[in-house]
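Colleague: This is the content of model.txt (compact mmCIF, N, CA and C atoms):
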# COMPACT_ATOMS: atom_id res chain seq x y z
N MET A 1 0.87 -1.18 0.00
CA MET A 1 0.00 0.00 0.00
C MET A 1 0.90 1.23 0.00
N THR A 2 0.56 2.18 -0.82
CA THR A 2 1.34 3.42 -0.86
C THR A 2 0.92 4.34 0.28
N LEU A 3 1.77 5.28 0.60
CA LEU A 3 1.44 6.27 1.62
C LEU A 3 0.19 7.05 1.21
N THR A 4 0.09 7.39 -0.05
CA THR A 4 -1.07 8.13 -0.54
C THR A 4 -2.36 7.33 -0.36
N SER A 5 -2.33 6.05 -0.72
CA SER A 5 -3.54 5.24 -0.55
C SER A 5 -3.88 5.05 0.92
N LEU A 6 -2.87 4.95 1.78
CA LEU A 6 -3.11 4.86 3.22
C LEU A 6 -3.82 6.11 3.73
N VAL A 7 -3.32 7.27 3.35
CA VAL A 7 -3.91 8.54 3.79
C VAL A 7 -5.34 8.66 3.27
N ILE A 8 -5.57 8.33 2.01
CA ILE A 8 -6.91 8.43 1.43
C ILE A 8 -7.86 7.46 2.14
N ARG A 9 -7.42 6.23 2.32
CA ARG A 9 -8.26 5.23 2.99
C ARG A 9 -8.60 5.67 4.41
N TYR A 10 -7.59 6.15 5.14
CA TYR A 10 -7.82 6.59 6.52
C TYR A 10 -8.79 7.77 6.55
N ALA A 11 -8.64 8.70 5.62
CA ALA A 11 -9.54 9.85 5.56
C ALA A 11 -10.97 9.43 5.24
N VAL A 12 -11.13 8.50 4.31
CA VAL A 12 -12.47 8.01 3.97
C VAL A 12 -13.11 7.34 5.18
N PHE A 13 -12.33 6.53 5.91
CA PHE A 13 -12.87 5.86 7.09
C PHE A 13 -13.21 6.88 8.18
N ALA A 14 -12.42 7.93 8.29
CA ALA A 14 -12.73 8.99 9.25
C ALA A 14 -14.04 9.67 8.88
N VAL A 15 -14.25 9.89 7.60
CA VAL A 15 -15.51 10.49 7.14
C VAL A 15 -16.68 9.57 7.44
N ILE A 16 -16.51 8.27 7.17
CA ILE A 16 -17.58 7.31 7.47
C ILE A 16 -17.92 7.32 8.95
N ALA A 17 -16.89 7.27 9.80
CA ALA A 17 -17.11 7.28 11.25
C ALA A 17 -17.74 8.59 11.71
N THR A 18 -17.35 9.69 11.08
CA THR A 18 -17.93 10.99 11.41
C THR A 18 -19.42 11.02 11.07
N ILE A 19 -19.77 10.49 9.91
CA ILE A 19 -21.17 10.44 9.50
C ILE A 19 -21.97 9.56 10.47
N VAL A 20 -21.42 8.42 10.85
CA VAL A 20 -22.08 7.55 11.81
C VAL A 20 -22.25 8.29 13.14
N ASN A 21 -21.20 8.97 13.58
CA ASN A 21 -21.22 9.71 14.85
C ASN A 21 -22.32 10.78 14.82
N LEU A 22 -22.28 11.62 13.82
CA LEU A 22 -23.24 12.72 13.75
C LEU A 22 -24.66 12.22 13.50
N GLY A 23 -24.80 11.13 12.73
CA GLY A 23 -26.12 10.54 12.52
C GLY A 23 -26.71 10.03 13.81
N ALA A 24 -25.90 9.35 14.61
CA ALA A 24 -26.38 8.86 15.91
C ALA A 24 -26.75 10.04 16.81
N GLN A 25 -25.95 11.09 16.78
CA GLN A 25 -26.27 12.28 17.58
C GLN A 25 -27.62 12.86 17.17
N ARG A 26 -27.83 12.99 15.88
CA ARG A 26 -29.10 13.55 15.41
C ARG A 26 -30.29 12.72 15.87
N LEU A 27 -30.13 11.40 15.83
CA LEU A 27 -31.22 10.53 16.28
C LEU A 27 -31.55 10.79 17.76
N VAL A 28 -30.52 10.91 18.58
CA VAL A 28 -30.74 11.16 20.01
C VAL A 28 -31.35 12.54 20.20
N LEU A 29 -30.86 13.54 19.48
CA LEU A 29 -31.35 14.91 19.65
C LEU A 29 -32.80 15.07 19.16
N GLN A 30 -33.27 14.16 18.34
CA GLN A 30 -34.68 14.21 17.93
C GLN A 30 -35.61 13.84 19.09
N ALA A 31 -35.06 13.17 20.09
CA ALA A 31 -35.88 12.76 21.24
C ALA A 31 -36.12 13.91 22.21
N GLY A 32 -35.32 14.96 22.14
CA GLY A 32 -35.51 16.08 23.05
C GLY A 32 -34.39 17.08 22.98
N GLU A 33 -34.53 18.14 23.78
CA GLU A 33 -33.55 19.23 23.80
C GLU A 33 -32.99 19.37 25.20
N GLY A 34 -31.94 20.17 25.31
CA GLY A 34 -31.36 20.47 26.60
C GLY A 34 -30.05 19.74 26.83
N ALA A 35 -29.44 20.04 27.96
CA ALA A 35 -28.10 19.54 28.27
C ALA A 35 -28.06 18.02 28.39
N LEU A 36 -29.08 17.41 28.97
CA LEU A 36 -29.09 15.96 29.14
C LEU A 36 -29.12 15.25 27.78
N PHE A 37 -29.98 15.73 26.88
CA PHE A 37 -30.04 15.13 25.55
C PHE A 37 -28.76 15.39 24.77
N PHE A 38 -28.19 16.58 24.94
CA PHE A 38 -26.93 16.90 24.27
C PHE A 38 -25.82 15.95 24.74
N ALA A 39 -25.70 15.76 26.05
CA ALA A 39 -24.67 14.88 26.59
C ALA A 39 -24.87 13.45 26.11
N ALA A 40 -26.12 12.98 26.12
CA ALA A 40 -26.40 11.63 25.63
C ALA A 40 -26.07 11.50 24.15
N ALA A 41 -26.39 12.52 23.37
CA ALA A 41 -26.12 12.50 21.93
C ALA A 41 -24.62 12.42 21.66
N VAL A 42 -23.85 13.23 22.37
CA VAL A 42 -22.40 13.23 22.18
C VAL A 42 -21.82 11.87 22.56
N PHE A 43 -22.27 11.31 23.68
CA PHE A 43 -21.75 10.02 24.14
C PHE A 43 -22.11 8.89 23.16
N ILE A 44 -23.37 8.79 22.78
CA ILE A 44 -23.82 7.70 21.89
C ILE A 44 -23.18 7.85 20.50
N GLY A 45 -23.11 9.07 20.01
CA GLY A 45 -22.47 9.29 18.72
C GLY A 45 -21.00 8.89 18.74
N THR A 46 -20.32 9.26 19.81
CA THR A 46 -18.91 8.92 19.94
C THR A 46 -18.71 7.40 19.98
N LEU A 47 -19.53 6.71 20.74
CA LEU A 47 -19.43 5.25 20.83
C LEU A 47 -19.68 4.59 19.47
N ALA A 48 -20.70 5.03 18.78
CA ALA A 48 -21.01 4.45 17.46
C ALA A 48 -19.86 4.68 16.48
N GLY A 49 -19.35 5.90 16.44
CA GLY A 49 -18.23 6.21 15.55
C GLY A 49 -16.98 5.42 15.91
N LEU A 50 -16.74 5.23 17.20
CA LEU A 50 -15.57 4.50 17.67
C LEU A 50 -15.59 3.04 17.21
N VAL A 51 -16.72 2.39 17.36
CA VAL A 51 -16.83 0.98 16.96
C VAL A 51 -16.62 0.84 15.44
N VAL A 52 -17.26 1.67 14.66
CA VAL A 52 -17.12 1.62 13.21
C VAL A 52 -15.66 1.86 12.82
N LYS A 53 -15.04 2.88 13.38
CA LYS A 53 -13.66 3.22 13.03
C LYS A 53 -12.69 2.11 13.44
N TYR A 54 -12.89 1.50 14.60
CA TYR A 54 -12.03 0.40 15.04
C TYR A 54 -12.08 -0.75 14.03
N LEU A 55 -13.27 -1.15 13.64
CA LEU A 55 -13.41 -2.27 12.72
C LEU A 55 -12.76 -1.98 11.36
N LEU A 56 -12.95 -0.77 10.86
CA LEU A 56 -12.34 -0.39 9.58
C LEU A 56 -10.82 -0.29 9.69
N ASP A 57 -10.34 0.37 10.73
CA ASP A 57 -8.89 0.53 10.91
C ASP A 57 -8.18 -0.80 11.09
N LYS A 58 -8.75 -1.64 11.92
CA LYS A 58 -8.13 -2.93 12.22
C LYS A 58 -7.86 -3.71 10.93
N ARG A 59 -8.85 -3.78 10.09
CA ARG A 59 -8.73 -4.59 8.88
C ARG A 59 -8.03 -3.87 7.74
N TRP A 60 -8.44 -2.63 7.46
CA TRP A 60 -8.02 -1.98 6.23
C TRP A 60 -6.88 -0.99 6.36
N ILE A 61 -6.58 -0.53 7.56
CA ILE A 61 -5.46 0.40 7.75
C ILE A 61 -4.24 -0.34 8.28
N PHE A 62 -4.46 -1.12 9.34
CA PHE A 62 -3.35 -1.79 10.01
C PHE A 62 -3.20 -3.26 9.62
N ALA A 63 -4.07 -3.76 8.74
CA ALA A 63 -4.02 -5.13 8.25
C ALA A 63 -3.86 -6.14 9.38
N ASP A 64 -4.59 -5.91 10.44
CA ASP A 64 -4.52 -6.76 11.62
C ASP A 64 -5.49 -7.92 11.44
N THR A 65 -4.95 -9.13 11.40
CA THR A 65 -5.78 -10.30 11.17
C THR A 65 -6.01 -11.10 12.45
N SER A 66 -5.59 -10.57 13.58
CA SER A 66 -5.81 -11.28 14.83
C SER A 66 -7.31 -11.45 15.06
N SER A 67 -7.65 -12.51 15.78
CA SER A 67 -9.06 -12.76 16.05
C SER A 67 -9.21 -13.31 17.45
N GLY A 68 -10.43 -13.56 17.83
CA GLY A 68 -10.73 -14.08 19.15
C GLY A 68 -11.20 -12.98 20.08
N ILE A 69 -12.06 -13.38 21.00
CA ILE A 69 -12.66 -12.42 21.92
C ILE A 69 -11.60 -11.71 22.76
N SER A 70 -10.66 -12.45 23.31
CA SER A 70 -9.67 -11.82 24.20
C SER A 70 -8.77 -10.87 23.43
N GLU A 71 -8.38 -11.24 22.21
CA GLU A 71 -7.52 -10.36 21.41
C GLU A 71 -8.28 -9.11 20.98
N HIS A 72 -9.53 -9.27 20.53
CA HIS A 72 -10.34 -8.11 20.18
C HIS A 72 -10.57 -7.23 21.40
N GLY A 73 -10.85 -7.86 22.52
CA GLY A 73 -11.07 -7.09 23.75
C GLY A 73 -9.85 -6.28 24.15
N ARG A 74 -8.68 -6.91 24.08
CA ARG A 74 -7.44 -6.21 24.43
C ARG A 74 -7.19 -5.04 23.48
N LYS A 75 -7.30 -5.29 22.20
CA LYS A 75 -7.02 -4.23 21.21
C LYS A 75 -8.07 -3.13 21.26
N PHE A 76 -9.35 -3.53 21.39
CA PHE A 76 -10.38 -2.50 21.45
C PHE A 76 -10.22 -1.66 22.72
N SER A 77 -9.81 -2.27 23.81
CA SER A 77 -9.55 -1.51 25.04
C SER A 77 -8.42 -0.51 24.84
N LEU A 78 -7.32 -0.96 24.23
CA LEU A 78 -6.21 -0.04 23.93
C LEU A 78 -6.65 1.05 22.96
N TYR A 79 -7.40 0.65 21.94
CA TYR A 79 -7.90 1.58 20.93
C TYR A 79 -8.76 2.66 21.59
N THR A 80 -9.61 2.21 22.51
CA THR A 80 -10.47 3.14 23.24
C THR A 80 -9.65 4.06 24.14
N ALA A 81 -8.66 3.49 24.82
CA ALA A 81 -7.79 4.31 25.68
C ALA A 81 -7.06 5.38 24.88
N MET A 82 -6.60 5.03 23.70
CA MET A 82 -5.93 6.02 22.84
C MET A 82 -6.92 7.10 22.41
N GLY A 83 -8.19 6.72 22.39
CA GLY A 83 -9.21 7.67 21.98
C GLY A 83 -9.64 8.64 23.06
N ILE A 84 -9.22 8.43 24.30
CA ILE A 84 -9.65 9.33 25.37
C ILE A 84 -9.17 10.75 25.12
N VAL A 85 -7.89 10.91 24.81
CA VAL A 85 -7.35 12.25 24.54
C VAL A 85 -7.99 12.84 23.29
N THR A 86 -8.10 12.01 22.26
CA THR A 86 -8.67 12.53 21.02
C THR A 86 -10.16 12.83 21.16
N THR A 87 -10.84 12.07 22.00
CA THR A 87 -12.25 12.37 22.26
C THR A 87 -12.39 13.69 23.01
N ALA A 88 -11.47 13.96 23.91
CA ALA A 88 -11.50 15.24 24.62
C ALA A 88 -11.33 16.40 23.64
N ILE A 89 -10.48 16.22 22.64
CA ILE A 89 -10.31 17.25 21.61
C ILE A 89 -11.64 17.46 20.87
N PHE A 90 -12.25 16.36 20.46
CA PHE A 90 -13.51 16.41 19.72
C PHE A 90 -14.63 17.02 20.56
N TRP A 91 -14.84 16.50 21.77
CA TRP A 91 -15.91 17.01 22.63
C TRP A 91 -15.69 18.48 22.97
N GLY A 92 -14.45 18.84 23.25
CA GLY A 92 -14.15 20.23 23.59
C GLY A 92 -14.47 21.18 22.45
N MET A 93 -14.10 20.79 21.25
CA MET A 93 -14.36 21.64 20.09
C MET A 93 -15.86 21.72 19.81
N GLU A 94 -16.55 20.58 19.83
CA GLU A 94 -17.99 20.57 19.56
C GLU A 94 -18.75 21.39 20.60
N THR A 95 -18.43 21.16 21.85
CA THR A 95 -19.12 21.87 22.94
C THR A 95 -18.84 23.36 22.89
N SER A 96 -17.60 23.73 22.61
CA SER A 96 -17.25 25.15 22.50
C SER A 96 -18.06 25.84 21.41
N PHE A 97 -18.15 25.20 20.26
CA PHE A 97 -18.92 25.79 19.16
C PHE A 97 -20.39 25.90 19.53
N TRP A 98 -20.93 24.89 20.22
CA TRP A 98 -22.34 24.92 20.64
C TRP A 98 -22.57 26.03 21.66
N LEU A 99 -21.66 26.18 22.63
CA LEU A 99 -21.81 27.21 23.66
C LEU A 99 -21.64 28.63 23.10
N ILE A 100 -20.72 28.78 22.16
CA ILE A 100 -20.45 30.10 21.59
C ILE A 100 -21.57 30.54 20.66
N TRP A 101 -21.98 29.67 19.72
CA TRP A 101 -22.94 30.08 18.71
C TRP A 101 -24.36 29.58 18.97
N GLY A 102 -24.50 28.48 19.69
CA GLY A 102 -25.83 28.00 20.06
C GLY A 102 -26.69 27.50 18.91
N THR A 103 -26.05 27.08 17.81
CA THR A 103 -26.83 26.56 16.69
C THR A 103 -26.35 25.15 16.35
N GLU A 104 -27.27 24.37 15.77
CA GLU A 104 -26.92 23.01 15.37
C GLU A 104 -25.83 23.00 14.30
N MET A 105 -25.91 23.92 13.35
CA MET A 105 -24.91 23.97 12.29
C MET A 105 -23.51 24.22 12.86
N MET A 106 -23.40 25.18 13.77
CA MET A 106 -22.08 25.48 14.34
C MET A 106 -21.61 24.34 15.25
N ARG A 107 -22.54 23.67 15.94
CA ARG A 107 -22.16 22.52 16.76
C ARG A 107 -21.54 21.45 15.87
N GLU A 108 -22.17 21.18 14.72
CA GLU A 108 -21.65 20.16 13.82
C GLU A 108 -20.33 20.59 13.18
N ILE A 109 -20.18 21.86 12.86
CA ILE A 109 -18.89 22.34 12.32
C ILE A 109 -17.80 22.13 13.38
N GLY A 110 -18.08 22.47 14.62
CA GLY A 110 -17.11 22.23 15.69
C GLY A 110 -16.79 20.76 15.84
N ALA A 111 -17.81 19.91 15.70
CA ALA A 111 -17.61 18.46 15.78
C ALA A 111 -16.69 17.98 14.67
N VAL A 112 -16.93 18.44 13.46
CA VAL A 112 -16.12 18.01 12.32
C VAL A 112 -14.67 18.46 12.49
N ILE A 113 -14.45 19.69 12.91
CA ILE A 113 -13.10 20.18 13.15
C ILE A 113 -12.42 19.37 14.25
N GLY A 114 -13.12 19.15 15.35
CA GLY A 114 -12.57 18.38 16.46
C GLY A 114 -12.26 16.95 16.07
N LEU A 115 -13.15 16.33 15.30
CA LEU A 115 -12.91 14.97 14.85
C LEU A 115 -11.71 14.90 13.90
N ALA A 116 -11.57 15.85 13.01
CA ALA A 116 -10.44 15.85 12.07
C ALA A 116 -9.11 15.92 12.82
N ILE A 117 -9.01 16.84 13.76
CA ILE A 117 -7.79 16.97 14.55
C ILE A 117 -7.56 15.68 15.36
N GLY A 118 -8.61 15.19 15.97
CA GLY A 118 -8.51 13.98 16.78
C GLY A 118 -8.08 12.77 15.98
N TYR A 119 -8.58 12.61 14.76
CA TYR A 119 -8.21 11.45 13.95
C TYR A 119 -6.73 11.47 13.57
N ILE A 120 -6.18 12.62 13.32
CA ILE A 120 -4.75 12.70 12.99
C ILE A 120 -3.91 12.25 14.19
N VAL A 121 -4.26 12.75 15.36
CA VAL A 121 -3.56 12.35 16.58
C VAL A 121 -3.78 10.85 16.83
N LYS A 122 -5.00 10.38 16.65
CA LYS A 122 -5.34 8.99 16.95
C LYS A 122 -4.59 8.01 16.07
N TYR A 123 -4.45 8.30 14.80
CA TYR A 123 -3.71 7.40 13.91
C TYR A 123 -2.32 7.14 14.47
N ASN A 124 -1.65 8.19 14.87
CA ASN A 124 -0.29 8.05 15.37
C ASN A 124 -0.24 7.26 16.68
N LEU A 125 -1.20 7.49 17.56
CA LEU A 125 -1.26 6.72 18.81
C LEU A 125 -1.57 5.24 18.53
N ASP A 126 -2.53 4.98 17.65
CA ASP A 126 -2.90 3.60 17.32
C ASP A 126 -1.75 2.85 16.67
N ARG A 127 -1.06 3.51 15.79
CA ARG A 127 0.06 2.87 15.09
C ARG A 127 1.14 2.47 16.09
N ARG A 128 1.35 3.33 17.07
CA ARG A 128 2.42 3.07 18.03
C ARG A 128 2.02 2.11 19.16
N PHE A 129 0.80 2.21 19.67
CA PHE A 129 0.45 1.48 20.87
C PHE A 129 -0.57 0.34 20.69
N VAL A 130 -1.40 0.39 19.67
CA VAL A 130 -2.46 -0.62 19.52
C VAL A 130 -2.06 -1.66 18.46
N PHE A 131 -1.79 -1.20 17.28
CA PHE A 131 -1.43 -2.08 16.17
C PHE A 131 0.05 -1.88 15.89
N ASN A 132 0.88 -2.20 16.87
CA ASN A 132 2.27 -1.76 16.87
C ASN A 132 3.23 -2.68 16.12
N ARG A 133 2.77 -3.30 15.08
CA ARG A 133 3.72 -3.98 14.23
C ARG A 133 3.93 -3.14 12.99
N PRO A 134 5.12 -3.21 12.41
CA PRO A 134 5.40 -2.37 11.23
C PRO A 134 4.42 -2.65 10.09
N LEU A 135 4.10 -1.63 9.35
CA LEU A 135 3.25 -1.80 8.18
C LEU A 135 4.13 -2.24 7.02
N GLU A 136 4.03 -3.53 6.68
CA GLU A 136 4.85 -4.05 5.60
C GLU A 136 4.33 -3.56 4.25
N GLY A 137 5.23 -3.31 3.37
CA GLY A 137 4.84 -2.96 2.01
C GLY A 137 4.40 -1.51 1.84
N LEU A 138 4.53 -0.68 2.87
CA LEU A 138 4.14 0.73 2.73
C LEU A 138 5.22 1.46 1.96
N THR A 139 4.85 2.08 0.87
CA THR A 139 5.81 2.80 0.05
C THR A 139 5.40 4.26 -0.06
N GLY A 140 6.34 5.09 -0.38
CA GLY A 140 6.10 6.52 -0.48
C GLY A 140 5.41 6.89 -1.69
Let's see the structure in the file written out as structure tokens.

Modeller:
Amino acid sequence: MTLTSLVIRYAVFAVIATIVNLGAQRLVLQAGEGALFFAAAVFIGTLAGLVVKYLLDKRWIFADTSSGISEHGRKFSLYTAMGIVTTAIFWGMETSFWLIWGTEMMREIGAVIGLAIGYIVKYNLDRRFVFNRPLEGLTG
């Protein structure tokens, strides 16, 4: 896999996870308004996006063929732990935009910006700590 194809694939998967995340948020926010619904929407959206991104990254970015409940559990736990810092970036940006402008459009713009920054940081953490074997065949 070339570096260019890796970057494109990772970006496409980030977009897919972002769409899943924001779609889940919208579903929760249709149930009601206010801080409780907002917090639930952010949490559920983040969880949905995390699961989708893990499955895509494991197979198509890091070519990880390990299987089994304990191995998936260990890697997903590490993957989630690496996501704590990046989730803070995402939540902070989304919440800031919502508090400053108070509109759904600006909340989603903040979410997209936060997710983009977070995904760049997350790739590097995942490569080093979760799927920490060299990527064979990666060319420039």

Colleague: Find the residues around segment 80-96 of chain A up to 8 Å (all atoms listed in the file counted), leave out those fewer than 3 positions away in its own chain, and share them as a CSV table (one decimal) with N, CA and C atoms, keeping the file's coordinate frame.

Modeller:
chain,number,residue,atom,x,y,z
A,42,VAL,N,-23.8,13.2,22.4
A,42,VAL,CA,-22.4,13.2,22.2
A,42,VAL,C,-21.8,11.9,22.6
A,46,THR,N,-20.3,9.3,19.8
A,46,THR,CA,-18.9,8.9,19.9
A,46,THR,C,-18.7,7.4,20.0
A,50,LEU,N,-16.7,5.2,17.2
A,50,LEU,CA,-15.6,4.5,17.7
A,50,LEU,C,-15.6,3.0,17.2
A,74,ARG,N,-8.7,-6.9,24.1
A,74,ARG,CA,-7.4,-6.2,24.4
A,74,ARG,C,-7.2,-5.0,23.5
A,75,LYS,N,-7.3,-5.3,22.2
A,75,LYS,CA,-7.0,-4.2,21.2
A,75,LYS,C,-8.1,-3.1,21.3
A,76,PHE,N,-9.4,-3.5,21.4
A,76,PHE,CA,-10.4,-2.5,21.4
A,76,PHE,C,-10.2,-1.7,22.7
A,77,SER,N,-9.8,-2.3,23.8
A,77,SER,CA,-9.6,-1.5,25.0
A,77,SER,C,-8.4,-0.5,24.8
A,99,LEU,N,-21.7,26.2,22.6
A,99,LEU,CA,-21.8,27.2,23.7
A,99,LEU,C,-21.6,28.6,23.1
A,100,ILE,N,-20.7,28.8,22.2
A,100,ILE,CA,-20.4,30.1,21.6
A,100,ILE,C,-21.6,30.5,20.7
A,101,TRP,N,-22.0,29.7,19.7
A,101,TRP,CA,-22.9,30.1,18.7
A,101,TRP,C,-24.4,29.6,19.0
A,102,GLY,N,-24.5,28.5,19.7
A,102,GLY,CA,-25.8,28.0,20.1
A,102,GLY,C,-26.7,27.5,18.9
A,106,MET,N,-23.4,25.2,13.8
A,106,MET,CA,-22.1,25.5,14.3
A,106,MET,C,-21.6,24.3,15.2
A,107,ARG,N,-22.5,23.7,15.9
A,107,ARG,CA,-22.2,22.5,16.8
A,107,ARG,C,-21.5,21.4,15.9
A,108,GLU,N,-22.2,21.2,14.7
A,108,GLU,CA,-21.6,20.2,13.8
A,108,GLU,C,-20.3,20.6,13.2
A,109,ILE,N,-20.2,21.9,12.9
A,109,ILE,CA,-18.9,22.3,12.3
A,109,ILE,C,-17.8,22.1,13.4
A,110,GLY,N,-18.1,22.5,14.6
A,110,GLY,CA,-17.1,22.2,15.7
A,110,GLY,C,-16.8,20.8,15.8
A,111,ALA,N,-17.8,19.9,15.7
A,111,ALA,CA,-17.6,18.5,15.8
A,111,ALA,C,-16.7,18.0,14.7
A,112,VAL,N,-16.9,18.4,13.5
A,112,VAL,CA,-16.1,18.0,12.3
A,112,VAL,C,-14.7,18.5,12.5
A,113,ILE,N,-14.4,19.7,12.9
A,113,ILE,CA,-13.1,20.2,13.2
A,113,ILE,C,-12.4,19.4,14.2
A,114,GLY,N,-13.1,19.2,15.4
A,114,GLY,CA,-12.6,18.4,16.5
A,114,GLY,C,-12.3,17.0,16.1
A,115,LEU,N,-13.2,16.3,15.3
A,115,LEU,CA,-12.9,15.0,14.8
A,115,LEU,C,-11.7,14.9,13.9
A,116,ALA,N,-11.6,15.8,13.0
A,116,ALA,CA,-10.4,15.8,12.1
A,116,ALA,C,-9.1,15.9,12.8
A,117,ILE,N,-9.0,16.8,13.8
A,117,ILE,CA,-7.8,17.0,14.6
A,117,ILE,C,-7.6,15.7,15.4
A,118,GLY,N,-8.6,15.2,16.0
A,118,GLY,CA,-8.5,14.0,16.8
A,118,GLY,C,-8.1,12.8,16.0
A,119,TYR,N,-8.6,12.6,14.8
A,119,TYR,CA,-8.2,11.4,14.0
A,119,TYR,C,-6.7,11.5,13.6
A,121,VAL,N,-4.3,12.8,15.4
A,121,VAL,CA,-3.6,12.4,16.6
A,121,VAL,C,-3.8,10.8,16.8
A,122,LYS,N,-5.0,10.4,16.6
A,122,LYS,CA,-5.3,9.0,17.0
A,122,LYS,C,-4.6,8.0,16.1
A,125,LEU,N,-1.2,7.5,17.6
A,125,LEU,CA,-1.3,6.7,18.8
A,125,LEU,C,-1.6,5.2,18.5
A,126,ASP,N,-2.5,5.0,17.6
A,126,ASP,CA,-2.9,3.6,17.3
A,126,ASP,C,-1.8,2.8,16.7
A,130,VAL,N,-1.4,0.4,19.7
A,130,VAL,CA,-2.5,-0.6,19.5
A,130,VAL,C,-2.1,-1.7,18.5

Colleague: Taking the chain letters and numbering used in this document, name the residues of segment 17-84 of chain A that DSSP puts in alpha helix (DSSP H), as a PyMOL selection string.

Modeller: chain A and resi 17-29+35-56+69-84

Colleague: Calculated over all atoms listed in the file, which of the candidates A:Ala63, A:Ala14, A:Val28, A:Leu78 has the smallest distance to Ala41 of chain A?

Modeller: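 Counting all atoms listed in the file, the residue closest to Ala41 of chain A is A:Val28.
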
Colleague: Interatomic distance between atom N of Ser67 of chain A and atom C of Asn21 of chain A?

Modeller: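 Atom-to-atom, atom N of Ser67 of chain A and atom C of Asn21 of chain A are spaced 27.5 Å apart.
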
Colleague: To one decimal in Å, tell me the separation between atom CA of Ala17 of chain A and atom CA of Phe62 of chain A.

Modeller: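 These atoms are spaced 16.5 Å apart.
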
Colleague: Smallest atom-to-atom distance to Ala40 of chain A: which of A:Gln25, A:Ser70, A:Thr103, A:Asn132, using all atoms listed in the file?

Modeller: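 Selected residue with least distance to Ala40 of chain A: A:Gln25.
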
Colleague: Since the input is missing atoms for segment 55-68 of chain A, could you rebuild it with N, CA, C and O atoms and give the result as a PDB file, in the coordinates of the input?

Modeller:
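Output file selection32.pdb is given in full below:
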ATOM      1  N   LEU A  55     -13.270  -1.150  13.640  1.00  0.00           N
ATOM      2  CA  LEU A  55     -13.410  -2.270  12.720  1.00  0.00           C
ATOM      3  C   LEU A  55     -12.760  -1.980  11.360  1.00  0.00           C
ATOM      4  O   LEU A  55     -12.072  -2.824  10.782  1.00  0.00           O
ATOM      5  N   LEU A  56     -12.950  -0.770  10.860  1.00  0.00           N
ATOM      6  CA  LEU A  56     -12.340  -0.390   9.580  1.00  0.00           C
ATOM      7  C   LEU A  56     -10.820  -0.290   9.690  1.00  0.00           C
ATOM      8  O   LEU A  56     -10.097  -0.805   8.828  1.00  0.00           O
ATOM      9  N   ASP A  57     -10.340   0.370  10.730  1.00  0.00           N
ATOM     10  CA  ASP A  57      -8.890   0.530  10.910  1.00  0.00           C
ATOM     11  C   ASP A  57      -8.180  -0.800  11.090  1.00  0.00           C
ATOM     12  O   ASP A  57      -7.118  -1.044  10.506  1.00  0.00           O
ATOM     13  N   LYS A  58      -8.750  -1.640  11.920  1.00  0.00           N
ATOM     14  CA  LYS A  58      -8.130  -2.930  12.220  1.00  0.00           C
ATOM     15  C   LYS A  58      -7.860  -3.710  10.930  1.00  0.00           C
ATOM     16  O   LYS A  58      -6.760  -4.206  10.720  1.00  0.00           O
ATOM     17  N   ARG A  59      -8.850  -3.780  10.090  1.00  0.00           N
ATOM     18  CA  ARG A  59      -8.730  -4.590   8.880  1.00  0.00           C
ATOM     19  C   ARG A  59      -8.030  -3.870   7.740  1.00  0.00           C
ATOM     20  O   ARG A  59      -7.142  -4.400   7.100  1.00  0.00           O
ATOM     21  N   TRP A  60      -8.440  -2.630   7.460  1.00  0.00           N
ATOM     22  CA  TRP A  60      -8.020  -1.980   6.230  1.00  0.00           C
ATOM     23  C   TRP A  60      -6.880  -0.990   6.360  1.00  0.00           C
ATOM     24  O   TRP A  60      -6.273  -0.614   5.343  1.00  0.00           O
ATOM     25  N   ILE A  61      -6.580  -0.530   7.560  1.00  0.00           N
ATOM     26  CA  ILE A  61      -5.460   0.400   7.750  1.00  0.00           C
ATOM     27  C   ILE A  61      -4.240  -0.340   8.280  1.00  0.00           C
ATOM     28  O   ILE A  61      -3.137  -0.214   7.757  1.00  0.00           O
ATOM     29  N   PHE A  62      -4.460  -1.120   9.340  1.00  0.00           N
ATOM     30  CA  PHE A  62      -3.350  -1.790  10.010  1.00  0.00           C
ATOM     31  C   PHE A  62      -3.200  -3.260   9.620  1.00  0.00           C
ATOM     32  O   PHE A  62      -2.307  -3.935  10.121  1.00  0.00           O
ATOM     33  N   ALA A  63      -4.070  -3.760   8.740  1.00  0.00           N
ATOM     34  CA  ALA A  63      -4.020  -5.130   8.250  1.00  0.00           C
ATOM     35  C   ALA A  63      -3.860  -6.140   9.380  1.00  0.00           C
ATOM     36  O   ALA A  63      -3.097  -7.090   9.295  1.00  0.00           O
ATOM     37  N   ASP A  64      -4.590  -5.910  10.440  1.00  0.00           N
ATOM     38  CA  ASP A  64      -4.520  -6.760  11.620  1.00  0.00           C
ATOM     39  C   ASP A  64      -5.490  -7.920  11.440  1.00  0.00           C
ATOM     40  O   ASP A  64      -6.692  -7.723  11.329  1.00  0.00           O
ATOM     41  N   THR A  65      -4.950  -9.130  11.400  1.00  0.00           N
ATOM     42  CA  THR A  65      -5.780 -10.300  11.170  1.00  0.00           C
ATOM     43  C   THR A  65      -6.010 -11.100  12.450  1.00  0.00           C
ATOM     44  O   THR A  65      -6.555 -12.211  12.387  1.00  0.00           O
ATOM     45  N   SER A  66      -5.590 -10.570  13.580  1.00  0.00           N
ATOM     46  CA  SER A  66      -5.810 -11.280  14.830  1.00  0.00           C
ATOM     47  C   SER A  66      -7.310 -11.450  15.060  1.00  0.00           C
ATOM     48  O   SER A  66      -8.125 -10.676  14.572  1.00  0.00           O
ATOM     49  N   SER A  67      -7.650 -12.510  15.780  1.00  0.00           N
ATOM     50  CA  SER A  67      -9.060 -12.760  16.050  1.00  0.00           C
ATOM     51  C   SER A  67      -9.210 -13.310  17.450  1.00  0.00           C
ATOM     52  O   SER A  67      -8.241 -13.515  18.166  1.00  0.00           O
ATOM     53  N   GLY A  68     -10.430 -13.560  17.830  1.00  0.00           N
ATOM     54  CA  GLY A  68     -10.730 -14.080  19.150  1.00  0.00           C
ATOM     55  C   GLY A  68     -11.200 -12.980  20.080  1.00  0.00           C
ATOM     56  O   GLY A  68     -10.798 -11.814  19.946  1.00  0.00           O
TER      57      GLY A  68
END
